[in-house]
Structures are given as structure tokens and as C-alpha cells.
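**Q** My structure is below; once you've seen it, I'll send some questions.
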Amino acid sequence: MKNVSPKNEDTLRGFGFALSAYLFWGFLPLYLKMVDHIPAGEVLAHRVIWSVPIAGFVLMLMGRTSDIGRVLRDPRSLAMGLVTAFLVSINWGVYVWAIAAERTLDAALGYYINPLFSVFLGYALLGETLTKLQWGAVGLAACAVIVLTVETGSLPWPALVLMVSWGFYAYFKKSLPIGPNQGFLLEVLIMTPFALAYLIWMYLSGVGHFVPLSVDMWLLMGCGVVTAVPLMLYANGAKGLRMTTIAMMQYIAPTLIMVMAVFVFKEPFGTARAIAFPMIWAALGLYSYSMFRSRKA
């Protein structure tokens, strides 16, 4: 298979896809709260299994199902798919657990810090450069994250795991030498045998929640939709954006997640977060202004 190197530049199409994905993810906690009585591992398994038919249907509409067969015969693509599948499964599982354990603010903190980690990866591994305005935006966002971290007293492990897993997922996903939708189907296909084995074990143990025609059944099946749709939007967006741009846009989702945590889930909100919120949005505005000014030029 011919390897195609992704162009390291911003496109308006990529921006639209990524924005849609982050808005979707921002409201995802509302759905996950409805399954917080179900073990995170079981929810994760259903997220994987019910994503397969959705991703497969999209590829059928695109007429690209034959790509999967070629990918499975290409060692480099398969190896990269194994890496991204592992990283995204860790991210999904920890995130589901954090929502159920009433640590939604920890999840938000992890995604606030992650863009800075992605900027570091872009600078260190991809040779991306930043303008003065962009450095200012990164610095302002860093100050906001410091304020949030100091308020908690320490950096919670869910935040660290979400930061590292998603940061490297974005990096390897951008380097995956196949289409984004094909890549997503490859990832869930790789995870499916493990998910099926886990669900079979739960069924035999009599502790599964997938009861025919129950509310839980429909909610677990819906996990495929809320998983596949935003991730495929993100995958298409990541192919059309620089890593530094993706990094700054990632503040959208954790801001919405934090709003959900405080105003819907009633998790405590301190003075530090009241200071950090405007700082983070100012950083987003500054970076966006710099990005669109460069495009106009």
C-alpha cells in the first residue's frame, strides 16, 4: 500500500469537522450519566461493538470497504491501528469511569491540560512553529491550567491518563497512512474480539445489563452512535488541521464538560475556575484570530 503523508496545514473543512466533534463531546457526559449505574468496562465494550456497524455503513456509502482488506495486509497500517486502538480504548474507559464516579471535573481538567501536551508533541515531533500571537495564546492557556491545578492541590490520575492517551492518539492518528473513517473502523474491529470476550464473560456470570427490550439495552446500543459519530468527525478534522490548531480547539469540549459538571451534576465550583474560564476562552480567541488572519494573508 502506498503511504500518503498528511499535509501539515489548516483547512476550513478540517476546522468544521473538528468543531462539530468537540461540541458533540462537550455534551456527551449527559448521555454517559444515564449509564453510570453500569460498569465502565461494560459500557466501553458496547461503545466498541455498536460502533462497528456504523463505521462499516459509512464506508459502504463511500464505496471504500475494500480499503480495510488492504490495511489488514499492510504491516505499517496494522501496527499503527493497534497503537491507536489501544490508546483510544484507554481514553474511553477512563472517561466513562470518571463520569460515573462523579469526577467529571477531573475529566475536564485532563482535557484542558491535553492541548498543551499536544502542542509539545507538535513542536517536538512534527517541527511545527508558532507565531508570537499563538505563543501568547498557549501561555495564557497554560496560566489558566495552572490556576485549575493549584485549586485541586494535585494533578488527579484521571486527568493525567486522559491527557497522555488522547495526546498520543491525536499524534498517531494524524500519521495513520489511511483515510480517517477507514482508520476508525480498523480500530474498533481490532478492539471487537476483546469487547465480545468481556461481554460473554459478563453474560455467563449473570451480571450483564444488556437485557432485551430494557432501557439499558437501548442506551448501550446508543453508545455506538455517541462514540462513532464524533470520533469520525474528529478523525476527518485532524487530517485537515495542524496539531497545534487541534490542540487549541480541544478547550471547547472540556469547557462544556465543566459546565455540565457544575450546573447539571452539581459538582463544586471554586473561585479558581471562575478565574480560569475567561483566561481559557481568551486564549481560544487569540489563537483563532491569529489562525484566520494568517489564512486571509
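FYI, nothing fancy with the C-alpha cells labels: chains A, B, ... in order, residues from 1 per chain, ligands from 1 as they appear.
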Which residues, written as number ranges by chain, have at least one atom at most 10 Å from range 208-221 of chain A, with only C-alpha atoms counted and residues fewer than 3 positions away on the same chain left out?

**A** A: 31-32, 34-35, 37-39, 42-47, 49-51, 199-205, 224-226

**Q** So how many Å separate CA of Ala124 in chain A and CA of Ser165 in chain A, to one decimal?

**A**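 Interatomic distance, CA of Ala124 in chain A to CA of Ser165 in chain A: 17.1 Å.
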
**Q** Would you mind telling me which residue in A:Gln250, A:Thr192, A:Ser175, A:Ser20 lies nearest to Leu125 in chain A when using only C-alpha atoms?

**A** A:Ser175

**Q** Counting only C-alpha atoms, figure out which residue out of A:Gly237, A:Pro193, A:Pro254, A:Gly56 gets nearest to Pro115 in chain A.

**A**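 Once distances to Pro115 in chain A are computed over only C-alpha atoms, the minimum belongs to A:Pro254.
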
**Q** Give me the residues near range 180-184 of chain A as a VMD selection string, where near means some atom within 6 Å (using only C-alpha atoms) and where sequence neighbours in that chain fewer than 4 positions away do not count.

**A** chain A and resid 232 235 to 236

**Q** Determine which residues of range 59-255 of chain A receive a DSSP assignment of helix (DSSP H, G or I), computed from the backbone, and state them as a PyMOL selection string.

**A** chain A and resi 59-62+66-72+75-100+104-125+132-152+157-175+180-205+215-239+243-249+252-255

**Q** Just the number, please: distance in Å from CA of Ala272 in chain A to CA of Met260 in chain A, one decimal.

**A**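 Calculated distance between CA of Ala272 in chain A and CA of Met260 in chain A is 17.3 Å.
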
**Q** What lies within 12 Å of Thr255 in chain A using only C-alpha atoms, ignoring chain neighbours under 4 positions off, as a PyMOL selection string?

**A** chain A and resi 22-23+25-27+104-105+107-113+145+249-251+259-262+273-274+276-281+284

**Q** Would you save the residues of that selection, restricted to N, CA, C and O atoms, as a CSV table (one decimal), in the first residue's frame?

**A**
```
chain,number,residue,atom,x,y,z
A,22,TYR,N,-16.0,18.4,18.8
A,22,TYR,CA,-15.8,18.9,20.1
A,22,TYR,C,-17.1,19.3,20.8
A,22,TYR,O,-17.3,19.2,22.0
A,23,LEU,N,-18.0,19.9,20.0
A,23,LEU,CA,-19.3,20.2,20.6
A,23,LEU,C,-20.1,19.0,21.0
A,23,LEU,O,-20.7,18.9,22.0
A,25,TRP,N,-18.7,16.1,21.9
A,25,TRP,CA,-18.1,15.6,23.1
A,25,TRP,C,-18.4,16.4,24.3
A,25,TRP,O,-18.4,15.9,25.4
A,26,GLY,N,-18.6,17.7,24.1
A,26,GLY,CA,-18.9,18.5,25.3
A,26,GLY,C,-20.2,18.2,26.0
A,26,GLY,O,-20.3,18.3,27.2
A,27,PHE,N,-21.2,17.6,25.2
A,27,PHE,CA,-22.4,17.3,25.8
A,27,PHE,C,-22.5,15.8,26.0
A,27,PHE,O,-23.6,15.3,26.6
A,104,THR,N,-16.2,14.3,37.1
A,104,THR,CA,-16.3,14.9,35.8
A,104,THR,C,-15.4,16.1,35.7
A,104,THR,O,-14.8,16.4,34.6
A,105,LEU,N,-15.2,16.9,36.8
A,105,LEU,CA,-14.2,18.0,36.8
A,105,LEU,C,-12.8,17.5,36.5
A,105,LEU,O,-12.0,18.2,35.9
A,107,ALA,N,-12.1,14.9,34.7
A,107,ALA,CA,-12.0,14.7,33.2
A,107,ALA,C,-11.8,16.0,32.5
A,107,ALA,O,-11.0,16.1,31.5
A,108,ALA,N,-12.6,17.0,32.9
A,108,ALA,CA,-12.4,18.3,32.2
A,108,ALA,C,-11.0,18.8,32.4
A,108,ALA,O,-10.4,19.4,31.4
A,109,LEU,N,-10.4,18.7,33.6
A,109,LEU,CA,-9.1,19.2,33.8
A,109,LEU,C,-8.1,18.5,32.9
A,109,LEU,O,-7.2,19.1,32.3
A,110,GLY,N,-8.3,17.1,32.7
A,110,GLY,CA,-7.4,16.4,31.8
A,110,GLY,C,-7.4,16.9,30.4
A,110,GLY,O,-6.4,17.0,29.7
A,111,TYR,N,-8.6,17.2,29.9
A,111,TYR,CA,-8.8,17.7,28.6
A,111,TYR,C,-8.3,19.2,28.4
A,111,TYR,O,-8.0,19.6,27.3
A,112,TYR,N,-8.3,19.9,29.5
A,112,TYR,CA,-7.8,21.3,29.5
A,112,TYR,C,-6.2,21.2,29.3
A,112,TYR,O,-5.6,22.0,28.6
A,113,ILE,N,-5.6,20.3,30.0
A,113,ILE,CA,-4.2,20.1,30.0
A,113,ILE,C,-3.7,19.5,28.7
A,113,ILE,O,-2.6,19.8,28.2
A,145,VAL,N,-4.6,26.7,33.1
A,145,VAL,CA,-4.5,25.4,33.6
A,145,VAL,C,-3.8,25.3,34.9
A,145,VAL,O,-4.1,24.5,35.8
A,249,MET,N,-8.3,23.9,19.9
A,249,MET,CA,-9.7,23.7,19.8
A,249,MET,C,-10.2,22.7,20.8
A,249,MET,O,-11.4,22.7,21.2
A,250,GLN,N,-9.3,21.9,21.4
A,250,GLN,CA,-9.7,21.0,22.4
A,250,GLN,C,-10.2,21.6,23.7
A,250,GLN,O,-10.7,20.9,24.5
A,251,TYR,N,-10.0,22.9,23.8
A,251,TYR,CA,-10.6,23.6,25.0
A,251,TYR,C,-12.1,23.7,25.0
A,251,TYR,O,-12.7,23.9,26.0
A,259,VAL,N,-19.1,22.9,32.4
A,259,VAL,CA,-20.4,23.4,32.6
A,259,VAL,C,-21.4,22.3,33.0
A,259,VAL,O,-22.2,22.5,33.9
A,260,MET,N,-21.3,21.2,32.4
A,260,MET,CA,-22.2,20.1,32.7
A,260,MET,C,-22.0,19.6,34.2
A,260,MET,O,-22.9,19.4,34.9
A,261,ALA,N,-20.7,19.6,34.5
A,261,ALA,CA,-20.3,19.1,35.9
A,261,ALA,C,-20.9,20.0,37.0
A,261,ALA,O,-21.4,19.5,38.0
A,262,VAL,N,-20.8,21.3,36.7
A,262,VAL,CA,-21.2,22.3,37.8
A,262,VAL,C,-22.7,22.5,37.8
A,262,VAL,O,-23.3,22.5,38.9
A,273,ARG,N,-11.7,28.4,39.3
A,273,ARG,CA,-12.3,28.1,38.0
A,273,ARG,C,-13.0,29.3,37.4
A,273,ARG,O,-13.1,29.5,36.2
A,274,ALA,N,-13.5,30.2,38.3
A,274,ALA,CA,-14.1,31.4,37.8
A,274,ALA,C,-13.1,32.3,37.1
A,274,ALA,O,-13.4,33.1,36.3
A,276,ALA,N,-10.2,31.0,35.8
A,276,ALA,CA,-9.6,30.3,34.6
A,276,ALA,C,-10.5,30.3,33.4
A,276,ALA,O,-10.0,30.3,32.3
A,277,PHE,N,-11.8,30.2,33.6
A,277,PHE,CA,-12.7,30.2,32.4
A,277,PHE,C,-12.4,31.3,31.4
A,277,PHE,O,-12.2,31.1,30.3
A,278,PRO,N,-12.4,32.6,31.9
A,278,PRO,CA,-12.2,33.7,30.9
A,278,PRO,C,-10.8,33.6,30.3
A,278,PRO,O,-10.6,34.0,29.1
A,279,MET,N,-9.8,33.1,31.1
A,279,MET,CA,-8.5,33.0,30.5
A,279,MET,C,-8.4,32.0,29.4
A,279,MET,O,-7.8,32.3,28.4
A,280,ILE,N,-9.1,30.9,29.6
A,280,ILE,CA,-9.1,29.9,28.5
A,280,ILE,C,-9.8,30.4,27.3
A,280,ILE,O,-9.3,30.2,26.1
A,281,TRP,N,-10.9,31.0,27.4
A,281,TRP,CA,-11.6,31.5,26.3
A,281,TRP,C,-10.9,32.6,25.6
A,281,TRP,O,-10.9,32.8,24.3
A,284,LEU,N,-8.4,30.9,23.4
A,284,LEU,CA,-9.0,30.4,22.2
A,284,LEU,C,-9.2,31.6,21.2
A,284,LEU,O,-9.0,31.4,20.0
```

**Q** What is the CA of Val147 in chain A to CA of Val88 in chain A distance in Å?

**A**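 Value for the CA of Val147 in chain A-CA of Val88 in chain A distance: 27.9 Å.
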
**Q** Would you mind telling me which residue in A:Ala253, A:Lys33, A:Tyr287, A:Met80 lies nearest to Glu102 in chain A when using only C-alpha atoms?

**A**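 Using only C-alpha atoms, Glu102 in chain A sits closest to A:Lys33.
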
**Q** With range 168-172 of chain A as the partner and 10 Å as the cut-off, tabulate the residues of range 79-117 of chain A that qualify, each row holding the nearest pair of atoms and their distance in Å to one decimal, using only C-alpha atoms, sorted by chain and rising number, as a Markdown table.

**A**
```
| residue | atom | partner | partner_atom | distance |
| --- | --- | --- | --- | --- |
| A:Met80 | CA | A:Phe172 | CA | 7.1 |
| A:Gly81 | CA | A:Phe172 | CA | 8.9 |
| A:Val83 | CA | A:Phe172 | CA | 7.8 |
| A:Thr84 | CA | A:Tyr169 | CA | 5.6 |
| A:Ala85 | CA | A:Tyr169 | CA | 8.5 |
| A:Phe86 | CA | A:Tyr169 | CA | 8.9 |
| A:Leu87 | CA | A:Tyr169 | CA | 5.8 |
| A:Val88 | CA | A:Tyr169 | CA | 6.5 |
| A:Asn91 | CA | A:Tyr169 | CA | 9.1 |
| A:Asn114 | CA | A:Phe168 | CA | 9.8 |
| A:Phe117 | CA | A:Phe168 | CA | 9.0 |
```

**Q** With only C-alpha atoms as the basis for distance, which of A:Ala141, A:Trp135, A:Asp106, A:Gly41 is at the shortest distance from Tyr123 in chain A?

**A** A:Trp135

**Q** Choose the residue, out of A:Val188, A:Leu176, A:Met248, A:Cys223, that has the smallest atom-to-atom separation from Ala283 in chain A; count only C-alpha atoms.

**A**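 Checking each of A:Val188, A:Leu176, A:Met248, A:Cys223 against Ala283 in chain A, counting only C-alpha atoms, the winner is A:Met248.
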